[in-house]
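Below is one structure; the comments refer to it alone.
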Amino acid sequence: MNPTIHNELTKLQEQLTTLDKAVKQIAYAGEISTAVVKTTEAVQKEYTIHLTNIQDLLDESVYQTQQQFNKRLELFKTESTDILTSYQSQQTELSRLLENDSQFIAQTQHLIDKLNQIDFSNRLDKLDQTISSINQTVQNTSIRIESLENLLIQTEHQNKEIKMIKGLLLLLLAISLGTIALVL
């Protein structure tokens with residue numbers, strides 16, 4: 001195979017591999033973004049449920065006796081602290097996820113920029129020209145091979161004729177020598 005063709009094919013394979021990796025990373029970034037949105041929605045729903053529970057506890061404590069009020073207030077303080085701690089940890093986790101998401105967005109944008117820099121039509125045109133050139137070379141070579149095969153067939157035919165003529169000459173020489181020997 002022609003080294004130029006091989007090099008061009010290798011370059012094309014590398015470009016396609018790079019493109020495949022970029023597409024996979026873009027798809028992965030999309031999955032991460034979807035997961036972040038779903039997680040955020042789940043956190044908001046849980047937060048709403050927790051706030052509803054707290055409101056119910058407060059309403060219930062108002063209507064009960066003072067003693068129950070103090071107990072419920074203490075329970076509320078404990079749960080509020082837990083919820084606040086949970087919310088803060090969820091907020092921290094959400095911030096980390098958003099930071100990761102922004103990194104993925106930056107990487108995705110970088111990959112998109114790289115893809116936009118690739119001139120596929122120009123590369124494909126060059127590849128098409130190279131293939132056309134190869135096809136023309138193959139056709140020219142086929143024509144030359146056919147010509148050489150015809151020349152070889154003619155040469156073999158001439159060799160047979162030369163061998164036949166040599167044989168006839170040797171036969172004539174032998175007959176001539178035999179005739180000379182008989183005459184002497």
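Starting from 1 in every chain, residues are counted up; chains themselves are A, B, ... following the order of the structure tokens, and ligands are numbered from 1 as listed.
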Could you list, with a cut-off of 10 Å and counting only C-alpha atoms, the residues of segment 82-152 of chain A near segment 30-42 of chain A, each shown with its nearest atom pair and the distance in Å rounded to one decimal, rows sorted by chain and ascending number, as a Markdown table?
| residue | atom | partner | partner_atom | distance |
| --- | --- | --- | --- | --- |
| A:Gln90 | CA | A:Thr40 | CA | 9.4 |
| A:Gln91 | CA | A:Thr40 | CA | 9.6 |
| A:Leu94 | CA | A:Thr40 | CA | 7.2 |
| A:Leu97 | CA | A:Val36 | CA | 6.6 |
| A:Leu98 | CA | A:Val36 | CA | 7.4 |
| A:Asn100 | CA | A:Ile32 | CA | 8.8 |
| A:Asp101 | CA | A:Ser33 | CA | 6.3 |
| A:Ser102 | CA | A:Ser33 | CA | 9.3 |
| A:Phe104 | CA | A:Ile32 | CA | 8.3 |
| A:Ile105 | CA | A:Ser33 | CA | 8.8 |
| A:Thr108 | CA | A:Gly30 | CA | 9.3 |
Checklist entry - Could you name the residues that touch Thr18 of chain A at 12 Å or less, counting only C-alpha atoms, but leaving out those on the same chain fewer than 3 positions away, as JSON, numbers by chain? => result {"A": [11, 12, 13, 14, 15, 21, 22, 23, 24, 25, 111, 112, 114, 115, 118]}
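Atom CA of Ile54 of chain A lies 9.7 Å from atom CA of Ile83 of chain A.
Of the residues listed (A:Lys71, A:Ile134, A:Arg123, A:Leu58), A:Ile134 shows the shortest atom-to-atom separation from Pro3 of chain A; distances use only C-alpha atoms.
Pairwise distance (atom CA of Leu170 of chain A, atom CA of Gln158 of chain A) equals 18.0 Å.
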Item to check | Closest of A:His50, A:Leu169, A:His6, A:Gln136 to Asp82 of chain A - atom-to-atom distances counting only C-alpha atoms | outcome: A:His50
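Proximity ranking of A:Gln117, A:Asn70, A:Asn122, A:Val43 relative to Glu93 of chain A places A:Val43 first, based on only C-alpha atoms.
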